[in-house]
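Heads up, input.cif below (mmCIF, C-alpha atoms):
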data_my_file
#
loop_
_atom_site.group_PDB
_atom_site.id
_atom_site.type_symbol
_atom_site.label_atom_id
_atom_site.label_comp_id
_atom_site.auth_asym_id
_atom_site.auth_seq_id
_atom_site.Cartn_x
_atom_site.Cartn_y
_atom_site.Cartn_z
ATOM 1 C CA MET A 900 219.361 -36.533 -22.396
ATOM 2 C CA THR A 901 216.422 -35.568 -20.252
ATOM 3 C CA GLU A 902 216.081 -32.310 -18.329
ATOM 4 C CA LYS A 903 213.284 -31.505 -15.900
ATOM 5 C CA SER A 904 211.473 -28.196 -15.984
ATOM 6 C CA PRO A 905 208.856 -26.981 -13.508
ATOM 7 C CA SER A 906 206.043 -28.627 -15.472
ATOM 8 C CA ARG A 907 207.548 -31.378 -17.635
ATOM 9 C CA ARG A 908 210.606 -33.493 -18.342
ATOM 10 C CA TRP A 909 212.151 -32.625 -21.726
ATOM 11 C CA THR A 910 214.078 -35.096 -23.868
ATOM 12 C CA VAL A 911 216.379 -33.292 -26.290
ATOM 13 C CA HIS A 912 218.221 -35.227 -28.982
ATOM 14 C CA VAL A 913 221.288 -33.431 -30.349
ATOM 15 C CA SER A 914 223.188 -34.212 -33.549
ATOM 16 C CA LEU A 915 226.383 -32.311 -34.292
ATOM 17 C CA GLU A 916 227.259 -32.666 -37.973
ATOM 18 C CA SER A 917 229.376 -29.536 -37.569
ATOM 19 C CA LYS A 918 231.565 -28.805 -34.567
ATOM 20 C CA LYS A 919 232.450 -25.230 -35.595
ATOM 21 C CA LEU A 920 230.380 -23.737 -32.760
ATOM 22 C CA LYS A 921 232.573 -25.608 -30.266
ATOM 23 C CA VAL A 922 229.634 -26.558 -28.094
ATOM 24 C CA ALA A 923 229.486 -29.926 -26.381
ATOM 25 C CA PRO A 924 226.304 -31.973 -26.871
ATOM 26 C CA ALA A 925 225.510 -31.903 -23.133
ATOM 27 C CA ALA A 926 225.944 -28.110 -22.982
ATOM 28 C CA LEU A 927 223.728 -27.678 -26.039
ATOM 29 C CA ARG A 928 221.037 -29.900 -24.492
ATOM 30 C CA ARG A 929 221.088 -27.814 -21.303
ATOM 31 C CA LEU A 930 220.797 -24.613 -23.326
ATOM 32 C CA VAL A 931 217.900 -25.994 -25.385
ATOM 33 C CA CYS A 932 216.166 -27.130 -22.180
ATOM 34 C CA GLN A 933 216.534 -23.631 -20.725
ATOM 35 C CA VAL A 934 214.844 -22.200 -23.806
ATOM 36 C CA LEU A 935 212.096 -24.833 -23.664
ATOM 37 C CA CYS A 936 211.459 -24.181 -19.970
ATOM 38 C CA HIS A 937 210.939 -20.475 -20.664
ATOM 39 C CA ALA A 938 208.767 -21.152 -23.723
ATOM 40 C CA GLU A 939 206.519 -23.754 -22.058
ATOM 41 C CA ARG A 940 203.817 -21.221 -21.244
ATOM 42 C CA ASP A 941 203.454 -20.677 -25.002
ATOM 43 C CA LEU A 942 202.705 -24.344 -25.569
ATOM 44 C CA ALA A 943 199.224 -25.668 -24.810
ATOM 45 C CA LEU A 944 200.141 -29.295 -25.537
ATOM 46 C CA ALA A 945 200.594 -30.989 -22.167
ATOM 47 C CA ASN A 946 201.983 -34.281 -23.513
ATOM 48 C CA VAL A 947 204.757 -32.729 -25.611
ATOM 49 C CA ASN A 948 208.238 -33.217 -24.157
ATOM 50 C CA GLU A 949 210.648 -34.162 -26.950
ATOM 51 C CA LEU A 950 212.720 -32.243 -29.503
ATOM 52 C CA ASN A 951 215.536 -32.894 -32.000
ATOM 53 C CA VAL A 952 218.289 -30.359 -32.695
ATOM 54 C CA LEU A 953 220.748 -30.644 -35.574
ATOM 55 C CA ILE A 954 223.800 -28.399 -35.874
ATOM 56 C CA THR A 955 225.098 -28.556 -39.424
ATOM 57 C CA ASP A 956 227.040 -26.489 -41.971
ATOM 58 C CA ASP A 957 225.832 -24.101 -44.673
ATOM 59 C CA ALA A 958 226.032 -26.697 -47.444
ATOM 60 C CA ARG A 959 223.742 -29.129 -45.639
ATOM 61 C CA MET A 960 221.455 -26.295 -44.492
ATOM 62 C CA ARG A 961 221.120 -25.198 -48.106
ATOM 63 C CA GLU A 962 220.087 -28.740 -49.108
ATOM 64 C CA ILE A 963 217.498 -28.927 -46.340
ATOM 65 C CA ASN A 964 216.140 -25.456 -47.130
ATOM 66 C CA ARG A 965 215.916 -26.297 -50.839
ATOM 67 C CA GLU A 966 214.188 -29.622 -50.182
ATOM 68 C CA HIS A 967 211.637 -28.393 -47.640
ATOM 69 C CA ARG A 968 211.099 -24.714 -48.442
ATOM 70 C CA LYS A 969 212.144 -24.544 -52.106
ATOM 71 C CA LYS A 970 214.714 -21.859 -51.237
ATOM 72 C CA ASP A 971 218.138 -22.590 -52.714
ATOM 73 C CA LYS A 972 220.230 -20.898 -50.038
ATOM 74 C CA ALA A 973 221.584 -21.497 -46.574
ATOM 75 C CA THR A 974 219.756 -19.933 -43.658
ATOM 76 C CA ASP A 975 220.443 -19.640 -39.945
ATOM 77 C CA VAL A 976 217.657 -21.764 -38.418
ATOM 78 C CA LEU A 977 214.869 -23.976 -39.690
ATOM 79 C CA SER A 978 211.982 -25.242 -37.592
ATOM 80 C CA PHE A 979 209.926 -28.291 -38.434
ATOM 81 C CA PRO A 980 206.931 -28.394 -36.078
ATOM 82 C CA GLN A 981 204.850 -31.509 -35.574
ATOM 83 C CA PHE A 982 201.756 -29.456 -34.774
ATOM 84 C CA THR A 983 199.954 -26.627 -36.521
ATOM 85 C CA PRO A 984 200.094 -23.228 -34.818
ATOM 86 C CA ALA A 985 196.451 -23.633 -33.746
ATOM 87 C CA GLU A 986 197.208 -27.038 -32.214
ATOM 88 C CA ALA A 987 200.317 -25.737 -30.420
ATOM 89 C CA ARG A 988 198.366 -22.782 -28.972
ATOM 90 C CA GLY A 989 195.434 -24.970 -27.968
ATOM 91 C CA THR A 990 192.824 -23.362 -30.222
ATOM 92 C CA ARG A 991 192.409 -26.598 -32.189
ATOM 93 C CA ARG A 992 192.501 -30.187 -31.006
ATOM 94 C CA PRO A 993 195.658 -31.951 -32.265
ATOM 95 C CA ALA A 994 195.260 -34.813 -34.715
ATOM 96 C CA ASP A 995 197.389 -36.922 -32.364
ATOM 97 C CA PRO A 996 196.985 -35.527 -28.816
ATOM 98 C CA PHE A 997 199.397 -38.139 -27.416
ATOM 99 C CA ASN A 998 202.308 -37.288 -29.721
ATOM 100 C CA PRO A 999 205.183 -36.237 -27.409
ATOM 101 C CA TYR A 1000 207.313 -34.845 -30.230
ATOM 102 C CA LEU A 1001 207.431 -31.038 -30.605
ATOM 103 C CA GLY A 1002 209.559 -31.040 -33.755
ATOM 104 C CA ASP A 1003 213.026 -30.477 -35.194
ATOM 105 C CA LEU A 1004 215.392 -27.517 -35.194
ATOM 106 C CA VAL A 1005 218.248 -27.231 -37.677
ATOM 107 C CA ILE A 1006 220.917 -24.581 -37.140
ATOM 108 C CA SER A 1007 223.833 -23.694 -39.396
ATOM 109 C CA SER A 1008 227.045 -23.306 -37.440
ATOM 110 C CA GLU A 1009 228.684 -21.233 -40.188
ATOM 111 C CA THR A 1010 225.783 -18.789 -40.452
ATOM 112 C CA THR A 1011 225.589 -18.587 -36.650
ATOM 113 C CA LEU A 1012 229.266 -17.608 -36.452
ATOM 114 C CA ALA A 1013 228.978 -15.094 -39.319
ATOM 115 C CA GLN A 1014 225.905 -13.454 -37.774
ATOM 116 C CA ALA A 1015 227.538 -13.306 -34.346
ATOM 117 C CA LYS A 1016 230.424 -11.398 -35.881
ATOM 118 C CA ARG A 1017 228.107 -9.136 -37.916
ATOM 119 C CA PHE A 1018 225.857 -8.364 -34.917
ATOM 120 C CA GLY A 1019 228.773 -7.900 -32.491
ATOM 121 C CA VAL A 1020 227.693 -10.684 -30.128
ATOM 122 C CA THR A 1021 229.291 -13.905 -28.959
ATOM 123 C CA PRO A 1022 228.579 -17.145 -30.822
ATOM 124 C CA ARG A 1023 226.741 -18.369 -27.700
ATOM 125 C CA GLN A 1024 224.469 -15.298 -27.694
ATOM 126 C CA GLU A 1025 223.668 -15.812 -31.372
ATOM 127 C CA LEU A 1026 223.024 -19.518 -30.785
ATOM 128 C CA ILE A 1027 220.606 -18.607 -27.989
ATOM 129 C CA ARG A 1028 218.830 -16.159 -30.302
ATOM 130 C CA LEU A 1029 218.417 -18.838 -32.954
ATOM 131 C CA LEU A 1030 217.275 -21.484 -30.463
ATOM 132 C CA VAL A 1031 214.658 -19.136 -29.006
ATOM 133 C CA HIS A 1032 213.469 -18.132 -32.477
ATOM 134 C CA GLY A 1033 213.230 -21.746 -33.611
ATOM 135 C CA VAL A 1034 211.481 -22.994 -30.471
ATOM 136 C CA LEU A 1035 208.899 -20.219 -30.709
ATOM 137 C CA HIS A 1036 208.146 -21.310 -34.275
ATOM 138 C CA LEU A 1037 207.592 -24.832 -32.921
ATOM 139 C CA CYS A 1038 205.210 -23.323 -30.344
ATOM 140 C CA GLY A 1039 203.080 -21.774 -33.079
ATOM 141 C CA TYR A 1040 204.579 -18.296 -33.449
ATOM 142 C CA ASP A 1041 205.253 -16.824 -36.886
ATOM 143 C CA HIS A 1042 206.676 -13.605 -38.280
ATOM 144 C CA GLU A 1043 206.464 -14.138 -42.040
ATOM 145 C CA LYS A 1044 202.900 -15.081 -42.993
ATOM 146 C CA VAL A 1045 201.069 -13.061 -40.354
ATOM 147 C CA PRO A 1046 199.946 -9.473 -39.750
ATOM 148 C CA PRO A 1047 202.654 -7.131 -38.413
ATOM 149 C CA ARG A 1048 201.060 -7.243 -34.952
ATOM 150 C CA GLU A 1049 201.681 -11.000 -34.752
ATOM 151 C CA ALA A 1050 205.268 -10.623 -35.963
ATOM 152 C CA GLN A 1051 205.848 -8.011 -33.256
ATOM 153 C CA ARG A 1052 204.353 -10.374 -30.673
ATOM 154 C CA MET A 1053 206.905 -13.032 -31.644
ATOM 155 C CA ARG A 1054 209.825 -10.572 -31.501
ATOM 156 C CA ARG A 1055 208.686 -9.332 -28.096
ATOM 157 C CA ARG A 1056 208.474 -12.905 -26.770
ATOM 158 C CA GLU A 1057 211.932 -13.684 -28.178
ATOM 159 C CA ARG A 1058 213.400 -10.722 -26.306
ATOM 160 C CA GLN A 1059 211.703 -11.777 -23.053
ATOM 161 C CA ILE A 1060 213.073 -15.305 -23.215
ATOM 162 C CA ARG A 1061 216.568 -14.242 -24.254
ATOM 163 C CA ALA A 1062 216.681 -11.765 -21.377
ATOM 164 C CA ARG A 1063 215.825 -14.509 -18.903
ATOM 165 C CA ILE A 1064 218.504 -16.841 -20.268
ATOM 166 C CA SER A 1065 221.316 -14.358 -20.690
ATOM 167 C CA GLY A 1066 220.444 -12.210 -17.698
ATOM 168 C CA ARG A 1067 219.833 -9.121 -19.832
#
Take the structure in the file and write it out as structure tokens.
Amino acid sequence: MTEKSPSRRWTVHVSLESKKLKVAPAALRRLVCQVLCHAERDLALANVNELNVLITDDARMREINREHRKKDKATDVLSFPQFTPAEARGTRRPADPFNPYLGDLVISSETTLAQAKRFGVTPRQELIRLLVHGVLHLCGYDHEKVPPREAQRMRRRERQIRARISGR
């Protein structure tokens, strides 16, 4: 499905291996496109307009996390960017400047539901939080392997985008 934003037309591919979040593919695509539209200013790559999102369960998330990050546990969201942070921010020329593919997001439905309950929010609010977090990683933000100032910058940007989407 394709959604148009003010500056580009996004194509979002959705795969629902788990239906526990009770979100329809079209509704998830619209939500992802909202996040992308708000995060576009963080992305210097003009030709990028495509993203994959997989909603899966904890068992599959654990496999993916183990395979790609060598961490043998489930997690809430994984981001697999196609560009380095410097390429995404425009401080380095991309190896393939015509690649339209931003990357992949993988979200665990079970962890999303558990965290929603633990944080006292709705599953939709937690899904939005994870989508924003994951998309910002694809746009070159980080909070783990950076100075605290950079981690704070990512958290601040997450709050700004979430406020625009949820009206808070």
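Between atom CA of Ala985 of chain A and atom CA of Ile1064 of chain A there is a distance of 26.7 Å.
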Residues near Ser914 of chain A, cut-off 8 Å, only C-alpha atoms, skip fewer than 2 positions along chain, as a PyMOL selection string: chain A and resi 912+916+924+951-954
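Proximity of A:Asp956, A:Glu986, A:Lys972, A:Thr1011 to Arg1023 of chain A, computed with only C-alpha atoms, is greatest for A:Thr1011.
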So that I can check the surroundings of Glu1049 of chain A, please list as a tab-separated table (two decimals) with C-alpha atoms, in the coordinates of the input every protein, DNA and RNA residue that reaches within 8 Å of it, counting all atoms listed in the file and ignoring chain neighbours fewer than 5 positions away.
chain	number	residue	atom	x	y	z
A	1040	TYR	CA	204.58	-18.30	-33.45
A	1041	ASP	CA	205.25	-16.82	-36.89
A	1042	HIS	CA	206.68	-13.60	-38.28
Explicit residues for the PyMOL selection byres ((chain A and resi 1008) around 10) (as a PyMOL selection string): chain A and resi 915-921+953-957+960+975-976+1005-1007+1009-1014+1022+1026
Within 9 Å of His1032 of chain A using only C-alpha atoms, minus same-chain residues under 4 positions, as an MDAnalysis selection string: chainID A and resid 976 978 1027:1028 1036:1037 1040 1053:1054 1057
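Counting from atom CA of Arg1056 of chain A, the distance to atom CA of Gly989 of chain A is 17.8 Å.
Straight-line separation from atom CA of Arg940 of chain A to atom CA of Arg1063 of chain A: 14.0 Å.
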All residues 6 Å or closer to Glu949 of chain A, all atoms listed in the file, same chain fewer than 3 positions away omitted, as number ranges by chain: A: 909-911, 999-1001
Within 8 Å of Phe979 of chain A using all atoms listed in the file, minus same-chain residues under 6 positions, as a PyMOL selection string: chain A and resi 1002-1004+1037
Chain and number of each residue from the PyMOL selection byres ((chain A and resi 944) around 9), as number ranges by chain: A: 942-943, 945-947, 986-989, 993, 996, 999
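For the set A:Leu950, A:Arg968, A:Leu935, A:Arg959, the residue with the smallest atom-to-atom gap to Gln981 of chain A is A:Leu950, counting all atoms listed in the file.
Restricting the calculation to only C-alpha atoms, the smallest distance between Val1034 of chain A and any of A:Thr974, A:Gln933, A:Ser1065, A:Asn998 is found for A:Gln933.
With all atoms listed in the file as the basis for measurement, A:Arg907 is the residue among A:Arg907, A:Lys1044, A:Lys970, A:Arg1017 that approaches His937 of chain A most closely.
Shortest atom-to-atom contact with Gln1024 of chain A among A:Leu930, A:Arg965, A:Thr983, A:Cys936: A:Leu930, counting all atoms listed in the file.
Shortest atom-to-atom contact with Glu962 of chain A among A:Phe1018, A:Asp995, A:Arg1048, A:Leu977: A:Leu977, counting all atoms listed in the file.
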